[in-house]
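Participant: Quick one, protein-v9.cif (mmCIF, C-alpha atoms):
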```
data_input
#
loop_
_atom_site.group_PDB
_atom_site.id
_atom_site.type_symbol
_atom_site.label_atom_id
_atom_site.label_comp_id
_atom_site.auth_asym_id
_atom_site.auth_seq_id
_atom_site.Cartn_x
_atom_site.Cartn_y
_atom_site.Cartn_z
ATOM 1 C CA MET A 1 -19.482 8.540 -10.762
ATOM 2 C CA SER A 2 -16.983 10.629 -12.748
ATOM 3 C CA ASP A 3 -17.311 14.357 -13.297
ATOM 4 C CA VAL A 4 -19.710 15.235 -16.092
ATOM 5 C CA VAL A 5 -18.069 15.654 -19.508
ATOM 6 C CA VAL A 6 -20.238 17.683 -21.877
ATOM 7 C CA SER A 7 -17.779 19.111 -24.394
ATOM 8 C CA THR A 8 -15.028 17.193 -26.167
ATOM 9 C CA PRO A 9 -14.218 16.371 -29.802
ATOM 10 C CA LEU A 10 -14.452 12.637 -29.075
ATOM 11 C CA TYR A 11 -17.971 12.565 -27.641
ATOM 12 C CA ASP A 12 -21.058 13.649 -29.557
ATOM 13 C CA PHE A 13 -23.871 14.363 -27.075
ATOM 14 C CA SER A 14 -27.489 14.772 -28.059
ATOM 15 C CA ASP A 15 -28.874 18.104 -26.880
ATOM 16 C CA GLU A 16 -31.299 16.288 -24.577
ATOM 17 C CA VAL A 17 -28.561 14.294 -22.842
ATOM 18 C CA ARG A 18 -26.167 17.247 -22.640
ATOM 19 C CA ASP A 19 -28.798 19.452 -21.008
ATOM 20 C CA ALA A 20 -29.855 16.739 -18.569
ATOM 21 C CA LEU A 21 -26.288 16.080 -17.447
ATOM 22 C CA HIS A 22 -25.581 19.795 -17.095
ATOM 23 C CA ASP A 23 -28.684 20.238 -14.941
ATOM 24 C CA GLY A 24 -28.146 17.107 -12.848
ATOM 25 C CA ARG A 25 -31.320 15.447 -14.130
ATOM 26 C CA PRO A 26 -31.571 11.636 -14.366
ATOM 27 C CA VAL A 27 -29.995 9.928 -17.372
ATOM 28 C CA VAL A 28 -29.884 6.188 -18.154
ATOM 29 C CA ALA A 29 -27.257 4.821 -20.555
ATOM 30 C CA LEU A 30 -28.330 2.027 -22.923
ATOM 31 C CA GLU A 31 -26.171 -0.322 -24.989
ATOM 32 C CA SER A 32 -26.596 -0.344 -28.757
ATOM 33 C CA ASN A 33 -25.592 -3.950 -29.400
ATOM 34 C CA VAL A 34 -29.222 -4.988 -28.974
ATOM 35 C CA VAL A 35 -30.136 -2.619 -31.809
ATOM 36 C CA ALA A 36 -27.542 -3.909 -34.264
ATOM 37 C CA HIS A 37 -27.323 -7.573 -33.273
ATOM 38 C CA GLY A 38 -29.966 -8.437 -30.681
ATOM 39 C CA PHE A 39 -33.103 -8.618 -32.840
ATOM 40 C CA ARG A 40 -33.961 -9.200 -36.452
ATOM 41 C CA ARG A 41 -34.912 -6.301 -38.701
ATOM 42 C CA PRO A 42 -37.063 -4.238 -38.695
ATOM 43 C CA GLU A 43 -38.248 -4.914 -35.153
ATOM 44 C CA ASN A 44 -34.788 -4.101 -33.744
ATOM 45 C CA VAL A 45 -35.238 -0.348 -34.249
ATOM 46 C CA THR A 46 -38.817 -0.453 -32.982
ATOM 47 C CA ILE A 47 -37.689 -2.215 -29.807
ATOM 48 C CA ALA A 48 -34.850 0.262 -29.299
ATOM 49 C CA LEU A 49 -37.348 3.132 -29.400
ATOM 50 C CA GLU A 50 -39.679 1.269 -27.011
ATOM 51 C CA VAL A 51 -36.823 0.818 -24.546
ATOM 52 C CA GLU A 52 -35.983 4.520 -24.751
ATOM 53 C CA GLN A 53 -39.644 5.369 -24.179
ATOM 54 C CA ALA A 54 -39.686 3.168 -21.069
ATOM 55 C CA VAL A 55 -36.813 5.248 -19.703
ATOM 56 C CA ARG A 56 -38.696 8.481 -20.458
ATOM 57 C CA ASP A 57 -41.879 7.143 -18.863
ATOM 58 C CA GLY A 58 -39.826 6.394 -15.750
ATOM 59 C CA GLY A 59 -38.719 10.014 -15.460
ATOM 60 C CA ALA A 60 -35.223 9.832 -16.969
ATOM 61 C CA VAL A 61 -33.501 10.710 -20.232
ATOM 62 C CA PRO A 62 -32.306 7.761 -22.358
ATOM 63 C CA ALA A 63 -28.760 7.855 -23.729
ATOM 64 C CA THR A 64 -28.159 5.055 -26.214
ATOM 65 C CA ILE A 65 -24.386 4.742 -26.673
ATOM 66 C CA ALA A 66 -22.747 3.876 -29.995
ATOM 67 C CA VAL A 67 -19.709 4.579 -32.168
ATOM 68 C CA ALA A 68 -20.116 6.333 -35.525
ATOM 69 C CA ASP A 69 -17.644 7.971 -37.898
ATOM 70 C CA GLY A 70 -14.832 8.260 -35.384
ATOM 71 C CA ARG A 71 -16.964 9.645 -32.551
ATOM 72 C CA VAL A 72 -18.794 8.261 -29.551
ATOM 73 C CA LEU A 73 -22.513 8.945 -29.691
ATOM 74 C CA VAL A 74 -23.952 9.700 -26.257
ATOM 75 C CA GLY A 75 -27.670 9.698 -26.959
ATOM 76 C CA ALA A 76 -28.164 8.350 -30.475
ATOM 77 C CA ASN A 77 -31.041 10.099 -32.240
ATOM 78 C CA PRO A 78 -33.775 8.195 -34.173
ATOM 79 C CA ALA A 79 -31.915 8.524 -37.474
ATOM 80 C CA GLU A 80 -28.749 7.136 -35.892
ATOM 81 C CA LEU A 81 -30.707 4.267 -34.336
ATOM 82 C CA GLU A 82 -32.179 3.523 -37.753
ATOM 83 C CA ARG A 83 -28.693 3.482 -39.242
ATOM 84 C CA LEU A 84 -27.440 1.113 -36.539
ATOM 85 C CA GLY A 85 -30.416 -1.159 -37.067
ATOM 86 C CA THR A 86 -30.285 -1.346 -40.863
ATOM 87 C CA ALA A 87 -26.617 -1.093 -41.849
ATOM 88 C CA THR A 88 -24.582 -4.192 -42.623
ATOM 89 C CA GLY A 89 -21.278 -4.996 -41.005
ATOM 90 C CA VAL A 90 -21.878 -3.034 -37.793
ATOM 91 C CA ALA A 91 -19.017 -3.950 -35.450
ATOM 92 C CA LYS A 92 -19.734 -5.228 -31.960
ATOM 93 C CA VAL A 93 -17.590 -3.015 -29.741
ATOM 94 C CA THR A 94 -16.498 -3.948 -26.248
ATOM 95 C CA THR A 95 -14.014 -1.988 -24.130
ATOM 96 C CA ARG A 96 -10.912 -3.426 -25.807
ATOM 97 C CA ASP A 97 -12.285 -2.475 -29.243
ATOM 98 C CA LEU A 98 -13.210 1.150 -28.625
ATOM 99 C CA ALA A 99 -10.001 2.820 -29.807
ATOM 100 C CA VAL A 100 -9.763 0.603 -32.904
ATOM 101 C CA ALA A 101 -13.402 1.222 -33.794
ATOM 102 C CA LEU A 102 -12.990 4.978 -33.436
ATOM 103 C CA ALA A 103 -9.826 5.028 -35.533
ATOM 104 C CA ARG A 104 -11.458 3.005 -38.308
ATOM 105 C CA GLY A 105 -14.574 5.136 -38.436
ATOM 106 C CA GLY A 106 -17.816 3.521 -39.487
ATOM 107 C CA LEU A 107 -20.416 2.080 -37.141
ATOM 108 C CA GLY A 108 -19.945 0.259 -33.867
ATOM 109 C CA ALA A 109 -22.578 -1.094 -31.496
ATOM 110 C CA THR A 110 -21.461 -1.025 -27.880
ATOM 111 C CA SER A 111 -21.592 -3.996 -25.532
ATOM 112 C CA ILE A 112 -22.579 -3.564 -21.891
ATOM 113 C CA ALA A 113 -18.910 -3.250 -20.907
ATOM 114 C CA ALA A 114 -18.195 -0.530 -23.476
ATOM 115 C CA THR A 115 -21.406 1.278 -22.556
ATOM 116 C CA MET A 116 -20.376 1.195 -18.903
ATOM 117 C CA ALA A 117 -16.911 2.532 -19.659
ATOM 118 C CA ILE A 118 -18.300 5.431 -21.696
ATOM 119 C CA ALA A 119 -21.083 6.226 -19.225
ATOM 120 C CA ASP A 120 -18.577 6.382 -16.386
ATOM 121 C CA ARG A 121 -16.303 8.638 -18.426
ATOM 122 C CA VAL A 122 -18.979 11.165 -19.348
ATOM 123 C CA GLY A 123 -20.732 11.351 -15.983
ATOM 124 C CA ILE A 124 -23.795 9.147 -16.499
ATOM 125 C CA ALA A 125 -24.487 7.282 -13.259
ATOM 126 C CA THR A 126 -26.844 4.488 -14.344
ATOM 127 C CA VAL A 127 -26.692 1.842 -17.072
ATOM 128 C CA ALA A 128 -29.558 -0.499 -18.000
ATOM 129 C CA SER A 129 -29.312 -3.790 -19.848
ATOM 130 C CA ALA A 130 -31.485 -6.897 -19.916
ATOM 131 C CA GLY A 131 -28.847 -9.570 -19.397
ATOM 132 C CA LEU A 132 -25.342 -8.996 -18.078
ATOM 133 C CA GLY A 133 -22.478 -11.022 -19.494
ATOM 134 C CA GLY A 134 -21.006 -13.487 -17.044
ATOM 135 C CA VAL A 135 -18.943 -16.604 -16.544
ATOM 136 C CA HIS A 136 -19.638 -19.107 -19.301
ATOM 137 C CA ARG A 137 -20.356 -22.755 -18.674
ATOM 138 C CA GLY A 138 -17.083 -24.658 -18.774
ATOM 139 C CA ALA A 139 -15.057 -21.547 -17.914
ATOM 140 C CA GLU A 140 -12.867 -23.641 -15.630
ATOM 141 C CA THR A 141 -11.202 -24.904 -18.834
ATOM 142 C CA THR A 142 -11.989 -22.160 -21.388
ATOM 143 C CA MET A 143 -11.518 -19.090 -19.143
ATOM 144 C CA ASP A 144 -14.468 -17.553 -21.009
ATOM 145 C CA ILE A 145 -15.518 -14.691 -18.744
ATOM 146 C CA SER A 146 -17.324 -11.608 -19.995
ATOM 147 C CA ALA A 147 -15.620 -8.218 -19.878
ATOM 148 C CA ASP A 148 -18.883 -6.939 -18.352
ATOM 149 C CA LEU A 149 -17.806 -8.403 -15.010
ATOM 150 C CA THR A 150 -14.356 -6.829 -14.897
ATOM 151 C CA GLU A 151 -15.796 -3.502 -16.050
ATOM 152 C CA LEU A 152 -17.970 -3.509 -12.934
ATOM 153 C CA ALA A 153 -14.770 -3.313 -10.893
ATOM 154 C CA ARG A 154 -13.366 -0.422 -12.980
ATOM 155 C CA THR A 155 -16.389 1.873 -13.011
ATOM 156 C CA ARG A 156 -18.557 3.564 -10.381
ATOM 157 C CA LEU A 157 -22.060 3.101 -11.669
ATOM 158 C CA LEU A 158 -25.459 1.682 -10.934
ATOM 159 C CA VAL A 159 -25.843 -1.211 -13.383
ATOM 160 C CA VAL A 160 -29.413 -2.501 -13.591
ATOM 161 C CA CYS A 161 -30.098 -5.835 -15.277
ATOM 162 C CA ALA A 162 -32.162 -9.028 -15.144
ATOM 163 C CA GLY A 163 -29.221 -11.097 -13.975
ATOM 164 C CA VAL A 164 -27.230 -13.102 -16.503
ATOM 165 C CA LYS A 165 -28.429 -14.993 -19.541
ATOM 166 C CA LYS A 166 -29.627 -18.506 -18.784
ATOM 167 C CA ILE A 167 -26.912 -19.941 -21.041
ATOM 168 C CA LEU A 168 -24.228 -18.747 -18.582
ATOM 169 C CA ASP A 169 -23.160 -20.168 -15.223
ATOM 170 C CA ALA A 170 -24.991 -18.049 -12.641
ATOM 171 C CA GLY A 171 -23.241 -19.643 -9.666
ATOM 172 C CA LEU A 172 -19.732 -19.034 -10.993
ATOM 173 C CA THR A 173 -20.733 -15.515 -12.039
ATOM 174 C CA LEU A 174 -21.796 -14.697 -8.487
ATOM 175 C CA GLU A 175 -18.563 -16.203 -7.131
ATOM 176 C CA PHE A 176 -16.558 -14.007 -9.513
ATOM 177 C CA LEU A 177 -18.509 -10.902 -8.479
ATOM 178 C CA GLU A 178 -17.948 -11.688 -4.803
ATOM 179 C CA THR A 179 -14.212 -12.139 -5.378
ATOM 180 C CA GLN A 180 -13.859 -8.702 -6.983
ATOM 181 C CA GLY A 181 -16.089 -7.058 -4.373
ATOM 182 C CA THR A 182 -19.102 -6.152 -6.533
ATOM 183 C CA PRO A 183 -22.287 -5.827 -4.441
ATOM 184 C CA VAL A 184 -25.268 -7.629 -5.993
ATOM 185 C CA ILE A 185 -28.589 -6.171 -4.843
ATOM 186 C CA GLY A 186 -31.976 -7.592 -5.735
ATOM 187 C CA PHE A 187 -34.543 -4.854 -6.350
ATOM 188 C CA ARG A 188 -37.931 -6.034 -5.038
ATOM 189 C CA HIS A 189 -36.835 -9.645 -5.575
ATOM 190 C CA ARG A 190 -34.290 -11.687 -3.600
ATOM 191 C CA GLY A 191 -33.521 -14.317 -6.221
ATOM 192 C CA PHE A 192 -30.761 -13.743 -8.772
ATOM 193 C CA PRO A 193 -32.672 -13.796 -12.079
ATOM 194 C CA ALA A 194 -31.614 -15.458 -15.316
ATOM 195 C CA PHE A 195 -32.623 -13.083 -18.093
ATOM 196 C CA TYR A 196 -35.982 -14.357 -19.383
ATOM 197 C CA CYS A 197 -36.366 -16.658 -16.381
ATOM 198 C CA ARG A 198 -37.156 -15.160 -12.991
ATOM 199 C CA GLU A 199 -34.912 -17.517 -11.015
ATOM 200 C CA SER A 200 -31.436 -18.939 -11.520
ATOM 201 C CA GLY A 201 -31.415 -21.038 -8.356
ATOM 202 C CA TYR A 202 -29.205 -18.525 -6.545
ATOM 203 C CA ASP A 203 -29.910 -15.482 -4.371
ATOM 204 C CA THR A 204 -28.623 -11.935 -4.467
ATOM 205 C CA GLN A 205 -26.662 -10.464 -1.576
ATOM 206 C CA VAL A 206 -29.636 -8.499 -0.237
ATOM 207 C CA ARG A 207 -33.112 -7.391 -1.298
ATOM 208 C CA ILE A 208 -34.031 -3.684 -1.337
ATOM 209 C CA ASP A 209 -37.560 -2.550 -2.238
ATOM 210 C CA ASP A 210 -37.310 1.255 -2.024
ATOM 211 C CA PRO A 211 -35.464 3.102 -4.834
ATOM 212 C CA HIS A 212 -34.634 5.933 -2.418
ATOM 213 C CA HIS A 213 -32.956 3.425 -0.092
ATOM 214 C CA LEU A 214 -30.975 2.161 -3.073
ATOM 215 C CA ALA A 215 -29.948 5.720 -3.879
ATOM 216 C CA GLU A 216 -28.631 6.139 -0.327
ATOM 217 C CA ILE A 217 -26.656 2.901 -0.612
ATOM 218 C CA ALA A 218 -25.207 4.068 -3.917
ATOM 219 C CA ARG A 219 -24.147 7.380 -2.399
ATOM 220 C CA PHE A 220 -22.332 5.695 0.489
ATOM 221 C CA HIS A 221 -20.792 3.146 -1.856
ATOM 222 C CA ARG A 222 -19.392 5.794 -4.179
ATOM 223 C CA HIS A 223 -17.559 7.523 -1.350
ATOM 224 C CA LEU A 224 -15.919 4.371 -0.009
ATOM 225 C CA PRO A 225 -12.342 3.581 -1.065
ATOM 226 C CA GLY A 226 -11.629 0.896 -3.635
ATOM 227 C CA THR A 227 -15.221 0.287 -4.677
ATOM 228 C CA GLY A 228 -16.528 -0.234 -8.186
ATOM 229 C CA SER A 229 -20.091 -0.384 -9.462
ATOM 230 C CA LEU A 230 -23.258 -1.628 -7.804
ATOM 231 C CA LEU A 231 -25.040 -4.422 -9.661
ATOM 232 C CA ILE A 232 -28.807 -4.210 -9.224
ATOM 233 C CA THR A 233 -30.979 -7.049 -10.497
ATOM 234 C CA HIS A 234 -34.683 -7.124 -11.235
ATOM 235 C CA PRO A 235 -36.464 -10.076 -12.858
ATOM 236 C CA ILE A 236 -38.622 -10.165 -15.949
ATOM 237 C CA PRO A 237 -42.348 -9.716 -15.146
ATOM 238 C CA ALA A 238 -43.944 -13.036 -14.234
ATOM 239 C CA ALA A 239 -46.417 -12.840 -17.118
ATOM 240 C CA ASP A 240 -43.563 -12.679 -19.639
ATOM 241 C CA ALA A 241 -41.158 -15.159 -18.034
ATOM 242 C CA LEU A 242 -40.257 -18.518 -19.559
ATOM 243 C CA ASP A 243 -40.218 -21.871 -17.790
ATOM 244 C CA GLY A 244 -36.702 -22.468 -16.522
ATOM 245 C CA ASP A 245 -36.675 -26.245 -17.033
ATOM 246 C CA ALA A 246 -37.832 -25.982 -20.648
ATOM 247 C CA VAL A 247 -35.248 -23.315 -21.410
ATOM 248 C CA GLU A 248 -32.497 -25.368 -19.768
ATOM 249 C CA GLU A 249 -33.368 -28.372 -21.918
ATOM 250 C CA ALA A 250 -33.245 -26.232 -25.063
ATOM 251 C CA ILE A 251 -29.896 -24.734 -24.004
ATOM 252 C CA ARG A 252 -28.291 -28.119 -23.429
ATOM 253 C CA ALA A 253 -29.455 -29.341 -26.830
ATOM 254 C CA ALA A 254 -28.159 -26.164 -28.489
ATOM 255 C CA LEU A 255 -24.774 -26.425 -26.768
ATOM 256 C CA ASP A 256 -24.434 -30.010 -27.968
ATOM 257 C CA ARG A 257 -25.235 -28.885 -31.510
ATOM 258 C CA ALA A 258 -22.770 -26.010 -31.263
ATOM 259 C CA ALA A 259 -20.018 -28.407 -30.190
ATOM 260 C CA ALA A 260 -20.877 -30.828 -32.983
ATOM 261 C CA GLU A 261 -20.826 -28.031 -35.563
ATOM 262 C CA ARG A 262 -17.618 -26.571 -34.076
ATOM 263 C CA VAL A 263 -19.142 -23.223 -33.242
ATOM 264 C CA THR A 264 -16.697 -21.444 -30.930
ATOM 265 C CA GLY A 265 -15.980 -18.125 -29.259
ATOM 266 C CA PRO A 266 -18.498 -15.261 -29.255
ATOM 267 C CA ALA A 267 -20.533 -17.020 -31.964
ATOM 268 C CA VAL A 268 -21.713 -19.596 -29.412
ATOM 269 C CA THR A 269 -23.920 -17.112 -27.577
ATOM 270 C CA THR A 270 -25.756 -16.023 -30.724
ATOM 271 C CA PHE A 271 -26.054 -19.641 -31.906
ATOM 272 C CA VAL A 272 -27.546 -20.819 -28.614
ATOM 273 C CA LEU A 273 -29.914 -17.870 -28.164
ATOM 274 C CA ARG A 274 -31.347 -18.344 -31.642
ATOM 275 C CA ALA A 275 -31.679 -22.087 -31.085
ATOM 276 C CA VAL A 276 -33.551 -21.466 -27.835
ATOM 277 C CA ASP A 277 -35.822 -18.983 -29.577
ATOM 278 C CA ALA A 278 -36.615 -21.579 -32.244
ATOM 279 C CA ALA A 279 -37.194 -24.281 -29.618
ATOM 280 C CA THR A 280 -39.639 -22.041 -27.741
ATOM 281 C CA GLY A 281 -41.582 -21.085 -30.841
ATOM 282 C CA GLY A 282 -40.422 -17.482 -30.676
ATOM 283 C CA ALA A 283 -41.331 -17.076 -27.005
ATOM 284 C CA ALA A 284 -37.702 -16.364 -26.067
ATOM 285 C CA ALA A 285 -37.538 -13.371 -28.421
ATOM 286 C CA ALA A 286 -40.779 -12.009 -26.968
ATOM 287 C CA ALA A 287 -39.388 -12.461 -23.454
ATOM 288 C CA ASN A 288 -36.177 -10.725 -24.506
ATOM 289 C CA ARG A 289 -38.190 -7.718 -25.611
ATOM 290 C CA ALA A 290 -40.214 -7.707 -22.386
ATOM 291 C CA VAL A 291 -37.170 -7.891 -20.141
ATOM 292 C CA LEU A 292 -35.397 -5.070 -22.002
ATOM 293 C CA ILE A 293 -38.360 -2.767 -21.482
ATOM 294 C CA SER A 294 -38.875 -3.845 -17.871
ATOM 295 C CA THR A 295 -35.223 -3.323 -16.956
ATOM 296 C CA ALA A 296 -35.142 0.094 -18.620
ATOM 297 C CA ALA A 297 -38.209 1.188 -16.651
ATOM 298 C CA VAL A 298 -36.726 0.015 -13.350
ATOM 299 C CA ALA A 299 -33.384 1.668 -14.113
ATOM 300 C CA ALA A 300 -35.176 4.961 -14.778
ATOM 301 C CA GLU A 301 -37.010 4.708 -11.452
ATOM 302 C CA ILE A 302 -33.774 4.065 -9.572
ATOM 303 C CA GLU A 303 -31.845 6.747 -11.451
ATOM 304 C CA ALA A 304 -34.586 9.302 -10.785
ATOM 305 C CA ALA A 305 -34.285 8.564 -7.058
ATOM 306 C CA ARG A 306 -30.481 8.838 -7.231
ATOM 307 C CA ALA A 307 -30.596 12.177 -9.069
ATOM 308 C CA ALA A 308 -33.179 13.564 -6.628
ATOM 309 C CA LEU A 309 -30.992 12.584 -3.686
ATOM 310 C CA GLU A 310 -27.912 14.171 -5.229
ATOM 311 C CA GLN A 311 -29.805 17.357 -6.029
ATOM 312 C CA GLY A 312 -31.061 17.506 -2.448
ATOM 313 C CA VAL A 313 -27.573 17.013 -1.047
ATOM 314 C CA ALA A 314 -26.225 19.727 -3.354
ATOM 315 C CA HIS A 315 -28.927 22.140 -2.237
ATOM 316 C CA VAL A 316 -28.223 21.421 1.428
ATOM 317 C CA GLY A 317 -24.489 21.915 0.842
#
```
Starting from the file, give its structure as structure tokens.

Facilitator:
Amino acid sequence: MSDVVVSTPLYDFSDEVRDALHDGRPVVALESNVVAHGFRRPENVTIALEVEQAVRDGGAVPATIAVADGRVLVGANPAELERLGTATGVAKVTTRDLAVALARGGLGATSIAATMAIADRVGIATVASAGLGGVHRGAETTMDISADLTELARTRLLVVCAGVKKILDAGLTLEFLETQGTPVIGFRHRGFPAFYCRESGYDTQVRIDDPHHLAEIARFHRHLPGTGSLLITHPIPAADALDGDAVEEAIRAALDRAAAERVTGPAVTTFVLRAVDAATGGAAAAANRAVLISTAAVAAEIEAARAALEQGVAHVG
């Protein structure tokens, strides 16, 4: 984790986040793309507040990251979340877009990769997101690989998620993560989850059940040379999970439609997710909400253990 940055013209910290970072209390960074583009209005803002509350209930301070008016928001307040959720033309901002978005002013909703980059820069140790970006199906010809994966190698964070979205290639994603040396740890579940499905058919590197044990691993990992972030996965609660076979059938049908309608690039993900939601009678959207809240709660638990360990080490030193 980088040194804490709490005063700079580029970053606009909420008082709550600034105080927590200054005091060494647990903070969890959250992406804002789910607010601007992940759900339909007006439930998008409601869900964003529910996710933040899950972090608070878990003993940490939420820091939703966004770009607004030439500044990086580190801990968007309710009015800023409302603006992100209701404005039109909010840019989706990944790491490559940050400087352009800041120079242009206006609103930008951060992807997981951009959220990671900012969190690492300002001294936030833990990032939570429901579904990590990964290697897309057919990447052997398209080279479509999410910047989320390469950002894991650049940052030193704890990134907590429910695996990768079912529409991606979980096997190739895990191969990519192994190649770049990113540890993949299953928290209280050995299987590598697939967003709103509990299983992808693949396993994580190791299962750890105790958040304090995870905090110890993270501390060792951070002090080793050449290491990036730790990826920690935790599946959607069983009661909220979708049937993997049914989702796979809907995905294949949606991908065929996307190809027929010549949908390409980043638009494919949105097209397929909405098609799956329609095919499941809205169950996919409900599962998306459940997994966001679940992942935020788990991230807060892990971050609280990490902060407690660091505070204890500091006191001993």

Participant: Can you give me, as a list of chain:residue names, the residues this file yields under the PyMOL selection byres ((chain A and resi 115) around 9)?

Facilitator: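 That expression, the PyMOL selection byres ((chain A and resi 115) around 9), corresponds here to A:Ala29, A:Leu30, A:Glu31, A:Ser32, A:Thr64, A:Ile65, A:Ala66, A:Thr94, A:Thr95, A:Thr110, A:Ser111, A:Ile112, A:Ala113, A:Ala114, A:Met116, A:Ala117, A:Ile118, A:Ala119, A:Asp120, A:Val127.
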
Participant: Nearest residue to Gly191 (chain A) out of A:Thr227, A:His212, A:Ala260, A:Ile232, using all atoms listed in the file?

Facilitator: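 Closest to Gly191 (chain A), using all atoms listed in the file: A:Ile232.
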
Participant: Selected by the PyMOL selection byres ((chain A and resi 151-159) around 6) in the shown coordinates: which residues, as a PyMOL selection string?

Facilitator: chain A and resi 1+113+125-128+148-150+160+228-232

Participant: Please evaluate the PyMOL selection byres ((chain A and resi 12) around 8) against the displayed coordinates and give the resulting residues as a VMD selection string.

Facilitator: chain A and resid 8 to 11 13 to 14 71 to 74

Participant: Go ahead and save the residues from that selection, with C-alpha atoms, as a short mmCIF file (atom, residue, chain, number, x, y, z; two decimals), in the frame of the given file.

Facilitator:
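Listing of again_31.cif after writing:
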```cif
data_model
loop_
_atom_site.label_atom_id
_atom_site.label_comp_id
_atom_site.auth_asym_id
_atom_site.auth_seq_id
_atom_site.Cartn_x
_atom_site.Cartn_y
_atom_site.Cartn_z
CA THR A 8 -15.03 17.19 -26.17
CA PRO A 9 -14.22 16.37 -29.80
CA LEU A 10 -14.45 12.64 -29.08
CA TYR A 11 -17.97 12.56 -27.64
CA PHE A 13 -23.87 14.36 -27.08
CA SER A 14 -27.49 14.77 -28.06
CA ARG A 71 -16.96 9.64 -32.55
CA VAL A 72 -18.79 8.26 -29.55
CA LEU A 73 -22.51 8.94 -29.69
CA VAL A 74 -23.95 9.70 -26.26
#
```

Participant: Report as a ChimeraX atom specification all protein, DNA and RNA residues lying within 7 Å of Gly244 (chain A), evaluated on all atoms listed in the file, omitting residues in the same chain fewer than 3 positions from it.

Facilitator: /A:197,247-248

Participant: Go through A:Ala60, A:Ile167, A:Phe220, A:Glu52 one by one, measure the shortest atom-to-atom distance of each to Ala275 (chain A) using all atoms listed in the file, and give the residue with the smallest value.

Facilitator: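 Under the stated criterion, the closest residue is A:Ile167.
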
Participant: Kindly give the distance, in Å, that separates CA of Leu177 (chain A) and CA of Ile236 (chain A), rounded to a single decimal.

Facilitator: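 Taking CA of Leu177 (chain A) and CA of Ile236 (chain A), their separation equals 21.5 Å.
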
Participant: Quick one, how far is CA of Ala278 (chain A) from CA of Leu49 (chain A)?

Facilitator: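 The value is 24.9 Å.
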
Participant: CA of Val35 (chain A) and CA of Ile124 (chain A) are how many Å apart?

Facilitator: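 Going from CA of Val35 (chain A) over to CA of Ile124 (chain A) covers 20.3 Å.
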
Participant: Taking the point (-37.2, -24.2, -21.2) as given in the file, collect each protein or nucleic acid residue that comes within 12 Å of it, counting only C-alpha atoms, and present the set as a list of chain:residue names.

Facilitator: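 The requested residues, written out, are A:Lys166, A:Ile167, A:Ala194, A:Tyr196, A:Cys197, A:Ala241, A:Leu242, A:Asp243, A:Gly244, A:Asp245, A:Ala246, A:Val247, A:Glu248, A:Glu249, A:Ala250, A:Ile251, A:Arg252, A:Ala253, A:Ala254, A:Leu273, A:Ala275, A:Val276, A:Asp277, A:Ala278, A:Ala279, A:Thr280, A:Gly281, A:Ala283, A:Ala284.
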
Participant: From the options A:Ala215, A:Val67, A:Val164, A:Val272, which residue's atoms come nearest to Ala308 (chain A), counting all atoms listed in the file?

Facilitator: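 Closest to Ala308 (chain A), using all atoms listed in the file: A:Ala215.
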
Participant: When distances are computed from only C-alpha atoms, which of A:Asp240, A:His37, A:Ala162, A:Pro211 shows the smallest separation from Ala267 (chain A)?

Facilitator: A:His37

Participant: Is it possible to get the residues within 12 Å of (-27.6, 16.8, -16.1) (coordinates as in the file, counting all atoms listed in the file) written as a ChimeraX atom specification?

Facilitator: /A:3-6,13,15-28,60-63,122-125,303-304,307-308,310-311

Participant: Which residue, A:Ala300, A:Ala170, A:Ala109, A:Ala139, has the smallest gap to Gly265 (chain A) when you use all atoms listed in the file?

Facilitator: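 Smallest distance to Gly265 (chain A) is found for A:Ala139.
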
Participant: With distances taken over only C-alpha atoms, which residue among A:Gly105, A:Gly186, A:Pro225, A:Pro235 lies nearest Lys165 (chain A)?

Facilitator: A:Pro235
